[in-house]
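A.B. asks: Could you have a look at this structure, given as structure tokens, before my questions?
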Amino acid sequence: MLQYNFEILYEEGACLAVNKPAGLLTQAPYGIDSLESRVKVYLMEKEGRKYLGVPHRLDRPVSGVILFGKHSRATHRLSEQFEKRQIDKTYWAVAEGLVKPETGTWIDFVRKIPDKPLAEIVAPINPDAREAILHYTVLDYFELEGKPVTRLEIKLETGRMHQIRLQCSVHGHPILGDATYGSIIPFGNHFDDERCREIALHARSIAFLDPMTREPINLTAPLPTLWNKTLTNIS
């Protein structure tokens with residue numbers, strides 16, 4: 001919905017799916033712009049509905065599909081699907097360098113850094129270590145500003161904080177624009193406030209069961225215009 005600055009991908013019954021813009025928080029304290037606050041305004045004006053459940057999130061610099069529940073029972077059922085890993089999520093990323101081999105699995109152990117919005121790789125024996133498993137497939141290779149880059153399709157077996165961003169970085173292929181995790185190739189528009197910057201990571205698709213009807217739903221989030229303006233061979 002252009003007037004609310006987000007795109008609705010699916011809205012049936014108690015379930016709503018939105019294509020989140022990059023650079024926007026999923027949730028934020030009252031008075032700070034977020035996807036949640038925008039969707040709440042939309043639902044309040046359309047249906048007079050105050051409740052909005054948020055069963056999962058995307059990092060601020062990430063774009064793509066995100067689900068909401070319009071009442072608590074729907075939100076609980078969606079949350080259960082996430083917890084039981086019954087929801088199939090696919091991400092697209094553009095990473096620095098040539099990722100080899102063309103298909104693979106990365107297994108690492110990560111932890112959230114205390115008092116910082118960051119994660120790091122640690123030894124398996126670290127008491128805070130949590131296993132992170134990521135499967136990737138190379139979609140294509142090309143050049144950007146004379147440097148080789150790789151477009152990846154990624155599926156997560158686990159869902160850890162900043163998992164894709166961190167694992168791509170530690171395996172030598174940081175995501176374009178993600179200076180937090182070592183990228184040296186810029187991506188997208190420049191913002192003085194680093195928190196508003198975009199990175200080349202997009203939640204491309206999601207497959208789940210409608211929380212009330214149990215109907216299988218498969219959704220694909222169109223790529224942001226920025227991808228087509230900035231990158232070649234992307235469709």
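Just so we're on the same page: first chain in the structure tokens is A, next is B, and so on; residues restart at 1 for each chain, and ligands are numbered from 1 in the order they show up.
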Counting only C-alpha atoms, what is within 12 Å of Asp33 (chain A), bar same-chain residues fewer than 4 positions away, as a VMD selection string?

C.D. replies: chain A and resid 4 to 5 23 to 29 37 to 41 60 196

A.B. asks: Selected residues, C-alpha atoms, written as a PDB file, in the first residue's frame, please.

C.D. replies:
ATOM      1  CA  TYR A   4       1.398   3.377   4.094  1.00  0.00           C
ATOM      2  CA  ASN A   5       4.855   2.845   2.509  1.00  0.00           C
ATOM      3  CA  GLY A  23      16.337   0.310   6.344  1.00  0.00           C
ATOM      4  CA  LEU A  24      13.112   0.072   8.346  1.00  0.00           C
ATOM      5  CA  LEU A  25      12.851  -1.508  11.790  1.00  0.00           C
ATOM      6  CA  THR A  26      10.438  -4.419  12.131  1.00  0.00           C
ATOM      7  CA  GLN A  27       9.473  -3.218  15.607  1.00  0.00           C
ATOM      8  CA  ALA A  28      10.373  -0.129  17.649  1.00  0.00           C
ATOM      9  CA  PRO A  29       9.328   1.721  20.798  1.00  0.00           C
ATOM     10  CA  SER A  37       3.569   0.799  13.480  1.00  0.00           C
ATOM     11  CA  ARG A  38       2.772   1.334   9.785  1.00  0.00           C
ATOM     12  CA  VAL A  39       0.784  -1.902   9.553  1.00  0.00           C
ATOM     13  CA  LYS A  40      -1.083  -1.022  12.755  1.00  0.00           C
ATOM     14  CA  VAL A  41      -2.147   2.299  11.226  1.00  0.00           C
ATOM     15  CA  ARG A  60      16.645  -3.389   9.867  1.00  0.00           C
ATOM     16  CA  CYS A 196      19.210   3.462   7.801  1.00  0.00           C
TER      17      CYS A 196
END

A.B. asks: Per residue of region 28-91 of chain A within 12 Å of region 175-181 of chain A, which atom pair is closest and at what distance in Å (one decimal), using only C-alpha atoms, listed by chain and increasing number, as a tab-separated table?

C.D. replies:
residue	atom	partner	partner_atom	distance
A:Asp59	CA	A:Asp178	CA	11.6
A:Arg60	CA	A:Asp178	CA	11.4
A:Pro61	CA	A:Asp178	CA	8.4
A:Val62	CA	A:Asp178	CA	10.0

A.B. asks: With N, CA and C atoms retained, export the selected residues as a compact mmCIF listing (two decimals), in the first residue's frame.

C.D. replies:
# COMPACT_ATOMS: atom_id res chain seq x y z
N ASP A 59 16.07 -8.16 10.17
CA ASP A 59 16.98 -7.09 10.58
C ASP A 59 16.64 -5.80 9.84
N ARG A 60 16.97 -4.70 10.45
CA ARG A 60 16.65 -3.39 9.87
C ARG A 60 17.13 -3.22 8.43
N PRO A 61 18.39 -3.58 8.08
CA PRO A 61 18.86 -3.34 6.72
C PRO A 61 18.40 -4.37 5.69
N VAL A 62 17.58 -5.33 6.11
CA VAL A 62 17.14 -6.43 5.25
C VAL A 62 15.72 -6.15 4.74

A.B. asks: Based on the backbone DSSP call, show me all residues of region 10-232 of chain A assigned helix (DSSP H, G or I), as a PyMOL selection string.

C.D. replies: chain A and resi 35-47+72-83+163-170+179-181+194-196+225-230

A.B. asks: Using only C-alpha atoms for the distances, tell me which of A:Gly31, A:Gly172, A:Gly188, A:Gly48 is nearest to Lys100 (chain A).

C.D. replies: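 Nearest to Lys100 (chain A): A:Gly172.
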
A.B. asks: So which residues of region 14-204 of chain A fall under strand (DSSP E) by DSSP, listed as an MDAnalysis selection string?

C.D. replies: chainID A and resid 15:20 63:69 88:96 103:112 119:121 130:144 147:156 201:204

A.B. asks: Could you list, with a cut-off of 10 Å and counting only C-alpha atoms, the residues of region 143-217 of chain A near region 126-130 of chain A, each shown with its nearest atom pair and the distance in Å rounded to one decimal, rows sorted by chain and ascending number, as a tab-separated table?

C.D. replies:
residue	atom	partner	partner_atom	distance
A:Thr158	CA	A:Arg130	CA	9.4
A:Gly159	CA	A:Arg130	CA	10.0
A:Arg160	CA	A:Arg130	CA	7.8
